[in-house]
$ cat final.csv   # CSV, N, CA and C atoms
chain,number,residue,atom,x,y,z
I,100,MET,N,12.0,-8.2,-7.2
I,100,MET,CA,12.8,-7.8,-6.2
I,100,MET,C,14.2,-8.3,-6.4
I,101,ALA,N,15.2,-7.5,-6.3
I,101,ALA,CA,16.6,-7.9,-6.6
I,101,ALA,C,17.2,-8.7,-5.4
I,102,LYS,N,18.0,-9.7,-5.8
I,102,LYS,CA,18.8,-10.4,-4.7
I,102,LYS,C,20.0,-9.6,-4.4
I,103,ILE,N,20.3,-9.6,-3.1
I,103,ILE,CA,21.5,-8.8,-2.7
I,103,ILE,C,22.6,-9.8,-2.3
I,104,SER,N,23.8,-9.6,-2.9
I,104,SER,CA,24.9,-10.5,-2.6
I,104,SER,C,25.4,-10.2,-1.2
I,105,GLU,N,26.1,-11.3,-0.7
I,105,GLU,CA,26.7,-11.2,0.6
I,105,GLU,C,27.8,-10.1,0.6
I,106,LYS,N,28.5,-9.9,-0.5
I,106,LYS,CA,29.5,-8.9,-0.6
I,106,LYS,C,28.9,-7.5,-0.4
I,107,LEU,N,27.8,-7.3,-1.1
I,107,LEU,CA,27.1,-6.0,-0.9
I,107,LEU,C,26.6,-5.8,0.5
I,108,LYS,N,26.0,-6.8,1.1
I,108,LYS,CA,25.5,-6.7,2.5
I,108,LYS,C,26.7,-6.3,3.4
I,109,LYS,N,27.8,-6.9,3.2
I,109,LYS,CA,29.0,-6.6,4.1
I,109,LYS,C,29.4,-5.2,3.9
I,110,GLN,N,29.4,-4.7,2.6
I,110,GLN,CA,29.8,-3.3,2.3
I,110,GLN,C,28.8,-2.4,2.9
I,111,ILE,N,27.5,-2.7,2.9
I,111,ILE,CA,26.5,-1.8,3.5
I,111,ILE,C,26.7,-1.7,5.0
I,112,TRP,N,27.0,-2.9,5.6
I,112,TRP,CA,27.2,-2.9,7.1
I,112,TRP,C,28.4,-2.0,7.4
I,113,LYS,N,29.5,-2.1,6.6
I,113,LYS,CA,30.7,-1.3,6.8
I,113,LYS,C,30.4,0.2,6.8
I,114,GLU,N,29.6,0.6,5.8
I,114,GLU,CA,29.2,2.0,5.6
I,114,GLU,C,28.4,2.5,6.8
I,115,VAL,N,27.4,1.7,7.2
I,115,VAL,CA,26.5,2.2,8.3
I,115,VAL,C,27.3,2.2,9.6
I,116,LYS,N,28.2,1.3,9.8
I,116,LYS,CA,29.0,1.3,11.1
I,116,LYS,C,29.9,2.5,11.1
I,117,GLU,N,30.4,2.9,9.9
I,117,GLU,CA,31.2,4.1,9.9
I,117,GLU,C,30.4,5.4,10.1
I,118,GLU,N,29.2,5.4,9.5
I,118,GLU,CA,28.3,6.5,9.6
I,118,GLU,C,27.7,6.7,11.0
I,119,PHE,N,27.4,5.6,11.7
I,119,PHE,CA,26.9,5.6,13.1
I,119,PHE,C,27.7,4.7,14.0
I,120,PRO,N,28.9,5.1,14.3
I,120,PRO,CA,29.8,4.2,15.0
I,120,PRO,C,29.4,3.8,16.4
I,121,ASP,N,28.6,4.7,17.1
I,121,ASP,CA,28.3,4.4,18.5
I,121,ASP,C,26.8,4.2,18.7
I,122,ASP,N,26.1,3.9,17.6
I,122,ASP,CA,24.6,3.8,17.8
I,122,ASP,C,24.1,2.6,17.0
I,123,GLU,N,24.0,1.5,17.7
I,123,GLU,CA,23.6,0.2,17.0
I,123,GLU,C,22.2,0.3,16.4
I,124,MET,N,21.3,1.0,17.1
I,124,MET,CA,19.9,1.1,16.6
I,124,MET,C,19.9,1.9,15.3
I,125,MET,N,20.7,3.0,15.2
I,125,MET,CA,20.7,3.7,13.9
I,125,MET,C,21.4,2.9,12.8
I,126,GLN,N,22.4,2.0,13.2
I,126,GLN,CA,23.0,1.2,12.2
I,126,GLN,C,22.0,0.2,11.7
I,127,GLU,N,21.2,-0.4,12.5
I,127,GLU,CA,20.2,-1.4,12.1
I,127,GLU,C,19.1,-0.7,11.2
I,128,ILE,N,18.7,0.5,11.6
I,128,ILE,CA,17.7,1.2,10.8
I,128,ILE,C,18.2,1.5,9.4
I,129,HIS,N,19.4,2.1,9.4
I,129,HIS,CA,20.0,2.5,8.1
I,129,HIS,C,20.3,1.3,7.3
I,130,TYR,N,20.8,0.2,7.8
I,130,TYR,CA,21.0,-1.0,7.1
I,130,TYR,C,19.8,-1.5,6.4
I,131,VAL,N,18.7,-1.6,7.1
I,131,VAL,CA,17.4,-2.1,6.5
I,131,VAL,C,16.9,-1.1,5.4
I,132,ARG,N,17.1,0.2,5.7
I,132,ARG,CA,16.7,1.1,4.7
I,132,ARG,C,17.5,1.0,3.4
I,133,LEU,N,18.8,0.8,3.5
I,133,LEU,CA,19.6,0.5,2.3
I,133,LEU,C,19.3,-0.8,1.6
I,134,LEU,N,19.0,-1.8,2.4
I,134,LEU,CA,18.6,-3.1,1.8
I,134,LEU,C,17.4,-2.9,1.0
I,135,HIS,N,16.4,-2.3,1.6
I,135,HIS,CA,15.1,-2.0,0.8
I,135,HIS,C,15.4,-1.2,-0.4
I,136,TYR,N,16.3,-0.2,-0.3
I,136,TYR,CA,16.7,0.6,-1.5
I,136,TYR,C,17.2,-0.3,-2.6
I,137,TYR,N,18.2,-1.2,-2.3
I,137,TYR,CA,18.7,-2.0,-3.3
I,137,TYR,C,17.8,-3.1,-3.8
I,138,GLN,N,16.9,-3.6,-2.9
I,138,GLN,CA,15.9,-4.6,-3.4
I,138,GLN,C,14.9,-4.0,-4.3
I,139,THR,N,14.6,-2.8,-4.2
I,139,THR,CA,13.5,-2.2,-5.0
I,139,THR,C,14.0,-1.3,-6.1
I,140,LEU,N,15.3,-1.2,-6.3
I,140,LEU,CA,15.9,-0.3,-7.3
I,140,LEU,C,15.3,-0.4,-8.7
I,141,ASP,N,15.0,-1.6,-9.2
I,141,ASP,CA,14.6,-1.7,-10.5
I,141,ASP,C,13.1,-2.0,-10.6
I,142,LEU,N,12.3,-1.8,-9.6
I,142,LEU,CA,10.9,-2.2,-9.6
I,142,LEU,C,10.1,-1.1,-10.2
I,143,SER,N,9.0,-1.4,-10.8
I,143,SER,CA,8.1,-0.5,-11.4
I,143,SER,C,7.3,0.2,-10.2
I,144,PRO,N,6.6,1.3,-10.3
I,144,PRO,CA,5.9,1.8,-9.2
I,144,PRO,C,4.9,0.9,-8.6
I,145,GLU,N,4.2,0.1,-9.4
I,145,GLU,CA,3.3,-0.9,-8.9
I,145,GLU,C,4.0,-2.0,-8.1
I,146,GLU,N,5.1,-2.5,-8.6
I,146,GLU,CA,5.8,-3.5,-7.8
I,146,GLU,C,6.4,-2.9,-6.5
I,147,TYR,N,6.8,-1.7,-6.6
I,147,TYR,CA,7.4,-1.0,-5.4
I,147,TYR,C,6.3,-0.9,-4.3
I,148,ILE,N,5.1,-0.5,-4.6
I,148,ILE,CA,4.0,-0.5,-3.7
I,148,ILE,C,3.7,-1.9,-3.1
I,149,LYS,N,3.7,-2.8,-4.0
I,149,LYS,CA,3.4,-4.2,-3.6
I,149,LYS,C,4.4,-4.7,-2.7
I,150,PHE,N,5.7,-4.4,-2.9
I,150,PHE,CA,6.8,-4.8,-2.0
I,150,PHE,C,6.5,-4.3,-0.6
I,151,PHE,N,6.2,-3.1,-0.4
I,151,PHE,CA,6.0,-2.5,0.9
I,151,PHE,C,4.7,-3.0,1.5
I,152,ASN,N,3.7,-3.1,0.7
I,152,ASN,CA,2.4,-3.7,1.2
I,152,ASN,C,2.6,-5.1,1.8
I,153,LYS,N,3.4,-5.9,1.1
I,153,LYS,CA,3.7,-7.2,1.5
I,153,LYS,C,4.4,-7.2,2.9
I,154,SER,N,5.4,-6.3,3.0
I,154,SER,CA,6.1,-6.2,4.3
I,154,SER,C,5.2,-5.7,5.4
I,155,LEU,N,4.3,-4.8,5.1
I,155,LEU,CA,3.3,-4.3,6.1
I,155,LEU,C,2.4,-5.4,6.5
I,156,SER,N,1.9,-6.2,5.6
I,156,SER,CA,1.0,-7.3,6.0
I,156,SER,C,1.7,-8.3,6.9
I,157,LYS,N,3.0,-8.6,6.6
I,157,LYS,CA,3.8,-9.5,7.5
I,157,LYS,C,3.9,-8.9,8.9
I,158,ARG,N,4.1,-7.7,9.0
I,158,ARG,CA,4.3,-7.0,10.4
I,158,ARG,C,2.9,-7.1,11.1
I,159,LYS,N,1.8,-6.9,10.4
I,159,LYS,CA,0.5,-6.9,11.0
I,159,LYS,C,0.3,-8.3,11.6
I,160,ARG,N,0.6,-9.4,10.8
I,160,ARG,CA,0.4,-10.7,11.3
I,160,ARG,C,1.3,-11.0,12.5
I,161,LEU,N,2.5,-10.5,12.5
I,161,LEU,CA,3.4,-10.8,13.6
I,161,LEU,C,2.9,-10.1,14.9
I,162,SER,N,2.4,-8.9,14.7
I,162,SER,CA,1.9,-8.1,15.9
I,162,SER,C,0.6,-8.7,16.5
I,163,ILE,N,-0.2,-9.3,15.6
I,163,ILE,CA,-1.5,-10.0,16.1
I,163,ILE,C,-1.1,-11.2,16.9
I,164,ASN,N,-0.1,-11.9,16.5
I,164,ASN,CA,0.3,-13.2,17.1
I,164,ASN,C,1.0,-13.0,18.5
I,165,ARG,N,1.2,-11.8,18.9
I,165,ARG,CA,1.9,-11.6,20.2
I,165,ARG,C,1.0,-11.8,21.3
$ encode --input "final.csv" --output "structure tokens"
Amino acid sequence: MAKISEKLKKQIWKEVKEEFPDDEMMQEIHYVRLLHYYQTLDLSPEEYIKFFNKSLSKRKRLSINR
């Protein structure tokens, strides 16, 4: 998984705020989607699946603890 620099994070935020100026929810969704894109850019297909399976298992644990 690639590390994302603060500079790139700020650039992504700028882009999503321009694309969705009046919709914070869409900004958040689009921001996370782009973060995942950059984090998984150089992963093999197996690593890509593992990345999202790991995220899914974290969400399941969080929802169980509610």
$ atom_distance --input "final.csv" --atom1 "atom CA of Ile103 of chain I" --atom2 "atom N of Leu134 of chain I"
9.0 Å
$ residues_around --input "final.csv" --residues "segment 108-115 of chain I" --least-positions-apart "6" --cutoff "6.5 Å" --atoms "all atoms listed in the file" --output "number ranges by chain"
I: 126, 129-130
$ select_by_dssp --input "final.csv" --residues "chain I" --states "alpha helix (DSSP H)" --output "ChimeraX atom specification"
/I:105-118,123-138,144-163
$ atom_distance --input "final.csv" --atom1 "atom CA of Ser154 of chain I" --atom2 "atom CA of Leu142 of chain I"
15.2 Å
$ atom_distance --input "final.csv" --atom1 "atom CA of Lys102 of chain I" --atom2 "atom CA of Phe150 of chain I"
13.5 Å
$ closest_residue --input "final.csv" --among "I:Met100, I:Leu107, I:Asp122, I:Lys116" --to "Tyr147 of chain I" --atoms "only C-alpha atoms"
I:Met100
